[in-house]
>>> print(open('input_26.pdb').read())   # PDB, N, CA and C atoms
MODEL        1
ATOM      1  N   MET A 208      26.131 -16.707 -10.415
ATOM      2  CA  MET A 208      25.472 -15.845 -11.376
ATOM      3  C   MET A 208      24.491 -14.951 -10.623
ATOM      4  N   THR A 209      24.571 -13.635 -10.831
ATOM      5  CA  THR A 209      23.649 -12.713 -10.170
ATOM      6  C   THR A 209      22.319 -12.710 -10.906
ATOM      7  N   VAL A 210      21.311 -12.101 -10.259
ATOM      8  CA  VAL A 210      19.980 -12.033 -10.865
ATOM      9  C   VAL A 210      20.038 -11.354 -12.220
ATOM     10  N   THR A 211      20.811 -10.276 -12.325
ATOM     11  CA  THR A 211      20.872  -9.565 -13.605
ATOM     12  C   THR A 211      21.621 -10.345 -14.673
ATOM     13  N   GLU A 212      22.436 -11.325 -14.272
ATOM     14  CA  GLU A 212      23.146 -12.150 -15.245
ATOM     15  C   GLU A 212      22.313 -13.333 -15.713
ATOM     16  N   GLN A 213      21.229 -13.643 -15.008
ATOM     17  CA  GLN A 213      20.376 -14.765 -15.401
ATOM     18  C   GLN A 213      19.676 -14.434 -16.714
ATOM     19  N   PRO A 214      19.440 -15.432 -17.530
ATOM     20  CA  PRO A 214      18.653 -15.177 -18.748
ATOM     21  C   PRO A 214      17.292 -14.602 -18.369
ATOM     22  N   VAL A 215      16.797 -13.683 -19.198
ATOM     23  CA  VAL A 215      15.541 -12.999 -18.892
ATOM     24  C   VAL A 215      14.389 -13.992 -18.707
ATOM     25  N   THR A 216      14.395 -15.079 -19.450
ATOM     26  CA  THR A 216      13.313 -16.056 -19.285
ATOM     27  C   THR A 216      13.383 -16.723 -17.918
ATOM     28  N   GLU A 217      14.599 -16.929 -17.412
ATOM     29  CA  GLU A 217      14.749 -17.537 -16.089
ATOM     30  C   GLU A 217      14.293 -16.575 -14.989
ATOM     31  N   ARG A 218      14.617 -15.294 -15.136
ATOM     32  CA  ARG A 218      14.216 -14.291 -14.133
ATOM     33  C   ARG A 218      12.715 -14.118 -14.067
ATOM     34  N   THR A 219      12.040 -14.294 -15.181
ATOM     35  CA  THR A 219      10.596 -14.026 -15.226
ATOM     36  C   THR A 219       9.746 -15.281 -15.119
ATOM     37  N   GLY A 220      10.337 -16.416 -15.354
ATOM     38  CA  GLY A 220       9.568 -17.655 -15.382
ATOM     39  C   GLY A 220       8.883 -17.897 -16.715
ATOM     40  N   ALA A 221       9.088 -16.985 -17.668
ATOM     41  CA  ALA A 221       8.470 -17.127 -18.988
ATOM     42  C   ALA A 221       9.234 -18.159 -19.812
ATOM     43  N   ARG A 222       8.570 -18.686 -20.813
ATOM     44  CA  ARG A 222       9.195 -19.700 -21.668
ATOM     45  C   ARG A 222       9.627 -19.147 -23.015
ATOM     46  N   THR A 223       9.245 -17.886 -23.296
ATOM     47  CA  THR A 223       9.696 -17.271 -24.547
ATOM     48  C   THR A 223      10.268 -15.893 -24.241
ATOM     49  N   GLU A 224      11.135 -15.426 -25.120
ATOM     50  CA  GLU A 224      11.715 -14.087 -24.955
ATOM     51  C   GLU A 224      10.632 -13.009 -25.018
ATOM     52  N   GLU A 225       9.629 -13.207 -25.880
ATOM     53  CA  GLU A 225       8.553 -12.225 -26.014
ATOM     54  C   GLU A 225       7.773 -12.092 -24.707
ATOM     55  N   ALA A 226       7.416 -13.218 -24.137
ATOM     56  CA  ALA A 226       6.690 -13.187 -22.862
ATOM     57  C   ALA A 226       7.568 -12.603 -21.759
ATOM     58  N   ALA A 227       8.840 -12.952 -21.771
ATOM     59  CA  ALA A 227       9.764 -12.433 -20.762
ATOM     60  C   ALA A 227       9.876 -10.912 -20.868
ATOM     61  N   ALA A 228       9.923 -10.396 -22.092
ATOM     62  CA  ALA A 228      10.003  -8.946 -22.288
ATOM     63  C   ALA A 228       8.733  -8.267 -21.768
ATOM     64  N   LEU A 229       7.580  -8.841 -22.067
ATOM     65  CA  LEU A 229       6.308  -8.291 -21.589
ATOM     66  C   LEU A 229       6.272  -8.280 -20.060
ATOM     67  N   ILE A 230       6.686  -9.385 -19.472
ATOM     68  CA  ILE A 230       6.708  -9.489 -18.008
ATOM     69  C   ILE A 230       7.687  -8.478 -17.418
ATOM     70  N   GLY A 231       8.851  -8.352 -18.013
ATOM     71  CA  GLY A 231       9.841  -7.388 -17.528
ATOM     72  C   GLY A 231       9.302  -5.966 -17.546
ATOM     73  N   ASP A 232       8.644  -5.598 -18.651
ATOM     74  CA  ASP A 232       8.050  -4.260 -18.755
ATOM     75  C   ASP A 232       6.949  -4.063 -17.719
ATOM     76  N   ALA A 233       6.108  -5.076 -17.562
ATOM     77  CA  ALA A 233       5.005  -4.980 -16.598
ATOM     78  C   ALA A 233       5.546  -4.884 -15.169
ATOM     79  N   ARG A 234       6.617  -5.591 -14.881
ATOM     80  CA  ARG A 234       7.211  -5.519 -13.534
ATOM     81  C   ARG A 234       7.782  -4.133 -13.262
ATOM     82  N   GLU A 235       8.366  -3.525 -14.271
ATOM     83  CA  GLU A 235       8.863  -2.155 -14.094
ATOM     84  C   GLU A 235       7.707  -1.217 -13.767
ATOM     85  N   ARG A 236       6.591  -1.404 -14.442
ATOM     86  CA  ARG A 236       5.415  -0.572 -14.165
ATOM     87  C   ARG A 236       4.903  -0.825 -12.744
ATOM     88  N   ILE A 237       4.876  -2.089 -12.328
ATOM     89  CA  ILE A 237       4.452  -2.420 -10.963
ATOM     90  C   ILE A 237       5.381  -1.768  -9.949
ATOM     91  N   ASP A 238       6.678  -1.821 -10.191
ATOM     92  CA  ASP A 238       7.630  -1.187  -9.277
ATOM     93  C   ASP A 238       7.362   0.312  -9.157
ATOM     94  N   ALA A 239       7.072   0.958 -10.291
ATOM     95  CA  ALA A 239       6.766   2.394 -10.266
ATOM     96  C   ALA A 239       5.463   2.652  -9.506
ATOM     97  N   LEU A 240       4.458   1.803  -9.724
ATOM     98  CA  LEU A 240       3.196   1.936  -8.988
ATOM     99  C   LEU A 240       3.415   1.729  -7.493
ATOM    100  N   ASP A 241       4.231   0.748  -7.134
ATOM    101  CA  ASP A 241       4.534   0.506  -5.718
ATOM    102  C   ASP A 241       5.176   1.735  -5.088
ATOM    103  N   ASP A 242       6.087   2.377  -5.811
ATOM    104  CA  ASP A 242       6.714   3.591  -5.293
ATOM    105  C   ASP A 242       5.677   4.684  -5.063
ATOM    106  N   ARG A 243       4.729   4.823  -5.985
ATOM    107  CA  ARG A 243       3.662   5.816  -5.818
ATOM    108  C   ARG A 243       2.776   5.459  -4.633
ATOM    109  N   ILE A 244       2.443   4.179  -4.490
ATOM    110  CA  ILE A 244       1.599   3.740  -3.370
ATOM    111  C   ILE A 244       2.295   4.039  -2.044
ATOM    112  N   ILE A 245       3.586   3.733  -1.960
ATOM    113  CA  ILE A 245       4.340   4.012  -0.733
ATOM    114  C   ILE A 245       4.300   5.510  -0.425
ATOM    115  N   GLY A 246       4.482   6.337  -1.431
ATOM    116  CA  GLY A 246       4.415   7.788  -1.233
ATOM    117  C   GLY A 246       3.046   8.229  -0.747
ATOM    118  N   LEU A 247       2.004   7.660  -1.304
ATOM    119  CA  LEU A 247       0.643   8.001  -0.879
ATOM    120  C   LEU A 247       0.384   7.552   0.559
ATOM    121  N   VAL A 248       0.885   6.388   0.914
ATOM    122  CA  VAL A 248       0.719   5.914   2.293
ATOM    123  C   VAL A 248       1.442   6.855   3.257
ATOM    124  N   GLN A 249       2.645   7.275   2.892
ATOM    125  CA  GLN A 249       3.376   8.216   3.742
ATOM    126  C   GLN A 249       2.628   9.541   3.860
ATOM    127  N   GLU A 250       2.030   9.989   2.778
ATOM    128  CA  GLU A 250       1.230  11.217   2.809
ATOM    129  C   GLU A 250       0.002  11.026   3.702
ATOM    130  N   ARG A 251      -0.633   9.862   3.604
ATOM    131  CA  ARG A 251      -1.801   9.570   4.440
ATOM    132  C   ARG A 251      -1.411   9.578   5.914
ATOM    133  N   MET A 252      -0.250   9.021   6.231
ATOM    134  CA  MET A 252       0.228   9.000   7.607
ATOM    135  C   MET A 252       0.418  10.426   8.139
ATOM    136  N   ALA A 253       0.954  11.301   7.314
ATOM    137  CA  ALA A 253       1.168  12.687   7.730
ATOM    138  C   ALA A 253      -0.155  13.404   7.968
ATOM    139  N   VAL A 254      -1.108  13.207   7.075
ATOM    140  CA  VAL A 254      -2.424  13.840   7.232
ATOM    141  C   VAL A 254      -3.120  13.295   8.476
ATOM    142  N   SER A 255      -3.015  12.011   8.697
ATOM    143  CA  SER A 255      -3.610  11.396   9.878
ATOM    144  C   SER A 255      -3.022  11.985  11.160
ATOM    145  N   ALA A 256      -1.721  12.229  11.162
ATOM    146  CA  ALA A 256      -1.078  12.827  12.342
ATOM    147  C   ALA A 256      -1.637  14.219  12.619
ATOM    148  N   VAL A 257      -1.894  14.990  11.575
ATOM    149  CA  VAL A 257      -2.481  16.320  11.741
ATOM    150  C   VAL A 257      -3.865  16.205  12.385
ATOM    151  N   ILE A 258      -4.649  15.265  11.898
ATOM    152  CA  ILE A 258      -6.000  15.053  12.436
ATOM    153  C   ILE A 258      -5.928  14.640  13.903
ATOM    154  N   GLN A 259      -5.042  13.696  14.209
ATOM    155  CA  GLN A 259      -4.918  13.224  15.586
ATOM    156  C   GLN A 259      -4.492  14.347  16.520
ATOM    157  N   LYS A 260      -3.535  15.154  16.111
ATOM    158  CA  LYS A 260      -3.083  16.276  16.937
ATOM    159  C   LYS A 260      -4.234  17.235  17.216
ATOM    160  N   ALA A 261      -4.996  17.554  16.176
ATOM    161  CA  ALA A 261      -6.126  18.472  16.348
ATOM    162  C   ALA A 261      -7.167  17.868  17.280
ATOM    163  N   ARG A 262      -7.458  16.586  17.115
ATOM    164  CA  ARG A 262      -8.465  15.929  17.945
ATOM    165  C   ARG A 262      -8.009  15.907  19.402
ATOM    166  N   ILE A 263      -6.763  15.502  19.634
ATOM    167  CA  ILE A 263      -6.238  15.391  21.001
ATOM    168  C   ILE A 263      -6.139  16.771  21.654
ATOM    169  N   SER A 264      -5.654  17.761  20.917
ATOM    170  CA  SER A 264      -5.508  19.099  21.501
ATOM    171  C   SER A 264      -6.855  19.726  21.839
ATOM    172  N   SER A 265      -7.922  19.254  21.208
ATOM    173  CA  SER A 265      -9.255  19.765  21.519
ATOM    174  C   SER A 265      -9.930  18.954  22.620
ATOM    175  N   GLY A 266      -9.193  17.975  23.185
ATOM    176  CA  GLY A 266      -9.740  17.164  24.265
ATOM    177  C   GLY A 266     -10.348  15.851  23.807
ATOM    178  N   GLY A 267     -10.232  15.552  22.528
ATOM    179  CA  GLY A 267     -10.793  14.310  22.008
ATOM    180  C   GLY A 267      -9.828  13.142  22.153
ATOM    181  N   ARG A 268     -10.284  11.997  21.706
ATOM    182  CA  ARG A 268      -9.471  10.785  21.768
ATOM    183  C   ARG A 268      -8.553  10.706  20.559
ATOM    184  N   ARG A 269      -7.492   9.943  20.697
ATOM    185  CA  ARG A 269      -6.514   9.766  19.613
ATOM    186  C   ARG A 269      -7.151   9.064  18.419
ATOM    187  N   VAL A 270      -8.024   8.108  18.677
ATOM    188  CA  VAL A 270      -8.641   7.302  17.615
ATOM    189  C   VAL A 270     -10.145   7.545  17.601
ATOM    190  N   ASN A 271     -10.696   7.669  16.397
ATOM    191  CA  ASN A 271     -12.133   7.815  16.213
ATOM    192  C   ASN A 271     -12.636   6.514  15.587
ATOM    193  N   LEU A 272     -13.184   5.636  16.417
ATOM    194  CA  LEU A 272     -13.566   4.300  15.940
ATOM    195  C   LEU A 272     -14.647   4.332  14.869
ATOM    196  N   SER A 273     -15.589   5.262  14.950
ATOM    197  CA  SER A 273     -16.625   5.310  13.913
ATOM    198  C   SER A 273     -16.016   5.675  12.560
ATOM    199  N   ARG A 274     -15.020   6.553  12.552
ATOM    200  CA  ARG A 274     -14.339   6.900  11.303
ATOM    201  C   ARG A 274     -13.551   5.701  10.777
ATOM    202  N   GLU A 275     -12.914   4.970  11.678
ATOM    203  CA  GLU A 275     -12.175   3.783  11.240
ATOM    204  C   GLU A 275     -13.120   2.762  10.611
ATOM    205  N   MET A 276     -14.315   2.628  11.156
ATOM    206  CA  MET A 276     -15.299   1.706  10.573
ATOM    207  C   MET A 276     -15.696   2.157   9.164
ATOM    208  N   GLU A 277     -15.807   3.470   8.960
ATOM    209  CA  GLU A 277     -16.106   4.001   7.621
ATOM    210  C   GLU A 277     -15.000   3.633   6.633
ATOM    211  N   VAL A 278     -13.756   3.776   7.076
ATOM    212  CA  VAL A 278     -12.613   3.449   6.219
ATOM    213  C   VAL A 278     -12.626   1.958   5.876
ATOM    214  N   LEU A 279     -12.843   1.116   6.888
ATOM    215  CA  LEU A 279     -12.895  -0.331   6.653
ATOM    216  C   LEU A 279     -13.988  -0.689   5.659
ATOM    217  N   SER A 280     -15.140  -0.086   5.833
ATOM    218  CA  SER A 280     -16.268  -0.359   4.939
ATOM    219  C   SER A 280     -15.960   0.094   3.509
ATOM    220  N   HIS A 281     -15.356   1.249   3.382
ATOM    221  CA  HIS A 281     -15.008   1.782   2.057
ATOM    222  C   HIS A 281     -14.077   0.833   1.308
ATOM    223  N   PHE A 282     -13.028   0.375   1.991
ATOM    224  CA  PHE A 282     -12.073  -0.540   1.359
ATOM    225  C   PHE A 282     -12.711  -1.901   1.080
ATOM    226  N   SER A 283     -13.521  -2.373   1.997
ATOM    227  CA  SER A 283     -14.188  -3.657   1.812
ATOM    228  C   SER A 283     -15.147  -3.605   0.629
ATOM    229  N   ASP A 284     -15.910  -2.519   0.528
ATOM    230  CA  ASP A 284     -16.845  -2.371  -0.598
ATOM    231  C   ASP A 284     -16.106  -2.345  -1.935
ATOM    232  N   ALA A 285     -14.940  -1.700  -1.947
ATOM    233  CA  ALA A 285     -14.199  -1.553  -3.199
ATOM    234  C   ALA A 285     -13.373  -2.784  -3.557
ATOM    235  N   LEU A 286     -12.834  -3.471  -2.531
ATOM    236  CA  LEU A 286     -11.860  -4.529  -2.801
ATOM    237  C   LEU A 286     -12.193  -5.875  -2.177
ATOM    238  N   GLY A 287     -13.315  -5.974  -1.494
ATOM    239  CA  GLY A 287     -13.689  -7.229  -0.851
ATOM    240  C   GLY A 287     -12.889  -7.478   0.413
ATOM    241  N   LYS A 288     -12.850  -8.731   0.829
ATOM    242  CA  LYS A 288     -12.186  -9.097   2.079
ATOM    243  C   LYS A 288     -10.720  -8.648   2.137
ATOM    244  N   PRO A 289      -9.947  -8.807   1.049
ATOM    245  CA  PRO A 289      -8.569  -8.308   1.105
ATOM    246  C   PRO A 289      -8.504  -6.793   1.334
ATOM    247  N   GLY A 290      -9.523  -6.075   0.887
ATOM    248  CA  GLY A 290      -9.582  -4.630   1.120
ATOM    249  C   GLY A 290      -9.675  -4.303   2.595
ATOM    250  N   THR A 291     -10.392  -5.135   3.333
ATOM    251  CA  THR A 291     -10.500  -4.936   4.778
ATOM    252  C   THR A 291      -9.127  -5.098   5.424
ATOM    253  N   ALA A 292      -8.395  -6.112   5.012
ATOM    254  CA  ALA A 292      -7.054  -6.322   5.558
ATOM    255  C   ALA A 292      -6.132  -5.160   5.200
ATOM    256  N   LEU A 293      -6.243  -4.672   3.982
ATOM    257  CA  LEU A 293      -5.437  -3.534   3.561
ATOM    258  C   LEU A 293      -5.778  -2.299   4.394
ATOM    259  N   ALA A 294      -7.061  -2.048   4.595
ATOM    260  CA  ALA A 294      -7.487  -0.905   5.403
ATOM    261  C   ALA A 294      -6.990  -1.034   6.838
ATOM    262  N   MET A 295      -7.033  -2.236   7.395
ATOM    263  CA  MET A 295      -6.540  -2.439   8.760
ATOM    264  C   MET A 295      -5.044  -2.099   8.833
ATOM    265  N   THR A 296      -4.297  -2.491   7.821
ATOM    266  CA  THR A 296      -2.868  -2.182   7.794
ATOM    267  C   THR A 296      -2.653  -0.672   7.708
ATOM    268  N   LEU A 297      -3.414  -0.003   6.846
ATOM    269  CA  LEU A 297      -3.299   1.452   6.740
ATOM    270  C   LEU A 297      -3.640   2.131   8.055
ATOM    271  N   LEU A 298      -4.721   1.687   8.685
ATOM    272  CA  LEU A 298      -5.117   2.279   9.948
ATOM    273  C   LEU A 298      -4.040   2.069  11.010
ATOM    274  N   GLU A 299      -3.471   0.887  11.025
ATOM    275  CA  GLU A 299      -2.393   0.593  11.978
ATOM    276  C   GLU A 299      -1.188   1.506  11.738
ATOM    277  N   LEU A 300      -0.832   1.685  10.474
ATOM    278  CA  LEU A 300       0.295   2.574  10.141
ATOM    279  C   LEU A 300       0.035   4.018  10.556
ATOM    280  N   CYS A 301      -1.217   4.433  10.489
ATOM    281  CA  CYS A 301      -1.557   5.837  10.704
ATOM    282  C   CYS A 301      -1.943   6.170  12.148
ATOM    283  N   ARG A 302      -2.117   5.194  12.983
ATOM    284  CA  ARG A 302      -2.525   5.424  14.374
ATOM    285  C   ARG A 302      -1.352   5.706  15.277
ATOM    286  N   GLY A 303      -1.554   6.610  16.190
ATOM    287  CA  GLY A 303      -0.613   6.797  17.270
ATOM    288  C   GLY A 303       0.771   7.224  16.884
ATOM    289  N   ARG A 304       0.890   7.981  15.820
ATOM    290  CA  ARG A 304       2.202   8.423  15.364
ATOM    291  C   ARG A 304       2.610   9.745  16.004
ATOM    292  N   ILE A 305       1.738  10.287  16.837
ATOM    293  CA  ILE A 305       2.078  11.580  17.455
ATOM    294  C   ILE A 305       2.450  11.401  18.905
TER
ENDMDL
END
>>> encode(input="input_26.pdb", output="structure tokens")
Amino acid sequence: MTVTEQPVTERTGARTEEAAALIGDARERIDALDDRIIGLVQERMAVSAVIQKARISSGGRRVNLSREMEVLSHFSDALGKPGTALAMTLLELCRGRI
């Protein structure tokens, strides 16, 4: 039996059809949000590459550590410790792409 052939309650872990429907709808919204987040991350990577090229071509370093600390602090202030991990992942994705 494929995932789509499974009863909706089994796919969602819900015990009622009503809860399963709510979960299914919410998961669709999460999937759409994830797609938007991925697009924003890709856009951030492109903007970061522009900044790095400009910095390097002017004789600067590829990475600006004080700016990275600002980003880490911003995410940490907004999201706590997991925000710091998220910011580190974003910074890693955006570094050294040129």
>>> atom_distance(input="input_26.pdb", atom1="atom CA of A:Leu247", atom2="atom CA of A:Ser264")
25.7 Å
>>> atom_distance(input="input_26.pdb", atom1="atom C of A:Met295", atom2="atom C of A:Met276")
11.5 Å
>>> closest_residue(input="input_26.pdb", among="A:Met252, A:Ala239, A:Ala227, A:Leu298", to="A:Glu275", atoms="all atoms listed in the file")
A:Leu298
>>> select_by_dssp(input="input_26.pdb", residues="chain A", states="alpha helix (DSSP H)", output="PyMOL selection string")
chain A and resi 215-219+224-264+272-286+288-301
>>> atom_distance(input="input_26.pdb", atom1="atom N of A:Gln259", atom2="atom N of A:Lys288")
27.3 Å
>>> build_atoms(input="input_26.pdb", residues="stretch 246-257 of chain A", atoms="N, CA, C and O atoms", output="PDB file, keeping the file's coordinate frame")
ATOM      1  N   GLY A 246       4.482   6.337  -1.431  1.00  0.00           N
ATOM      2  CA  GLY A 246       4.415   7.788  -1.233  1.00  0.00           C
ATOM      3  C   GLY A 246       3.046   8.229  -0.747  1.00  0.00           C
ATOM      4  O   GLY A 246       2.940   9.082   0.142  1.00  0.00           O
ATOM      5  N   LEU A 247       2.004   7.660  -1.304  1.00  0.00           N
ATOM      6  CA  LEU A 247       0.643   8.001  -0.879  1.00  0.00           C
ATOM      7  C   LEU A 247       0.384   7.552   0.559  1.00  0.00           C
ATOM      8  O   LEU A 247      -0.268   8.261   1.330  1.00  0.00           O
ATOM      9  N   VAL A 248       0.885   6.388   0.914  1.00  0.00           N
ATOM     10  CA  VAL A 248       0.719   5.914   2.293  1.00  0.00           C
ATOM     11  C   VAL A 248       1.442   6.855   3.257  1.00  0.00           C
ATOM     12  O   VAL A 248       0.899   7.229   4.307  1.00  0.00           O
ATOM     13  N   GLN A 249       2.645   7.275   2.892  1.00  0.00           N
ATOM     14  CA  GLN A 249       3.376   8.216   3.742  1.00  0.00           C
ATOM     15  C   GLN A 249       2.628   9.541   3.860  1.00  0.00           C
ATOM     16  O   GLN A 249       2.559  10.135   4.944  1.00  0.00           O
ATOM     17  N   GLU A 250       2.030   9.989   2.778  1.00  0.00           N
ATOM     18  CA  GLU A 250       1.230  11.217   2.809  1.00  0.00           C
ATOM     19  C   GLU A 250       0.002  11.026   3.702  1.00  0.00           C
ATOM     20  O   GLU A 250      -0.352  11.898   4.489  1.00  0.00           O
ATOM     21  N   ARG A 251      -0.633   9.862   3.604  1.00  0.00           N
ATOM     22  CA  ARG A 251      -1.801   9.570   4.440  1.00  0.00           C
ATOM     23  C   ARG A 251      -1.411   9.578   5.914  1.00  0.00           C
ATOM     24  O   ARG A 251      -2.153  10.063   6.773  1.00  0.00           O
ATOM     25  N   MET A 252      -0.250   9.021   6.231  1.00  0.00           N
ATOM     26  CA  MET A 252       0.228   9.000   7.607  1.00  0.00           C
ATOM     27  C   MET A 252       0.418  10.426   8.139  1.00  0.00           C
ATOM     28  O   MET A 252       0.052  10.723   9.277  1.00  0.00           O
ATOM     29  N   ALA A 253       0.954  11.301   7.314  1.00  0.00           N
ATOM     30  CA  ALA A 253       1.168  12.687   7.730  1.00  0.00           C
ATOM     31  C   ALA A 253      -0.155  13.404   7.968  1.00  0.00           C
ATOM     32  O   ALA A 253      -0.317  14.127   8.958  1.00  0.00           O
ATOM     33  N   VAL A 254      -1.108  13.207   7.075  1.00  0.00           N
ATOM     34  CA  VAL A 254      -2.424  13.840   7.232  1.00  0.00           C
ATOM     35  C   VAL A 254      -3.120  13.295   8.476  1.00  0.00           C
ATOM     36  O   VAL A 254      -3.734  14.044   9.247  1.00  0.00           O
ATOM     37  N   SER A 255      -3.015  12.011   8.697  1.00  0.00           N
ATOM     38  CA  SER A 255      -3.610  11.396   9.878  1.00  0.00           C
ATOM     39  C   SER A 255      -3.022  11.985  11.160  1.00  0.00           C
ATOM     40  O   SER A 255      -3.744  12.227  12.133  1.00  0.00           O
ATOM     41  N   ALA A 256      -1.721  12.229  11.162  1.00  0.00           N
ATOM     42  CA  ALA A 256      -1.078  12.827  12.342  1.00  0.00           C
ATOM     43  C   ALA A 256      -1.637  14.219  12.619  1.00  0.00           C
ATOM     44  O   ALA A 256      -1.863  14.586  13.783  1.00  0.00           O
ATOM     45  N   VAL A 257      -1.894  14.990  11.575  1.00  0.00           N
ATOM     46  CA  VAL A 257      -2.481  16.320  11.741  1.00  0.00           C
ATOM     47  C   VAL A 257      -3.865  16.205  12.385  1.00  0.00           C
ATOM     48  O   VAL A 257      -4.194  16.936  13.323  1.00  0.00           O
TER      49      VAL A 257
END
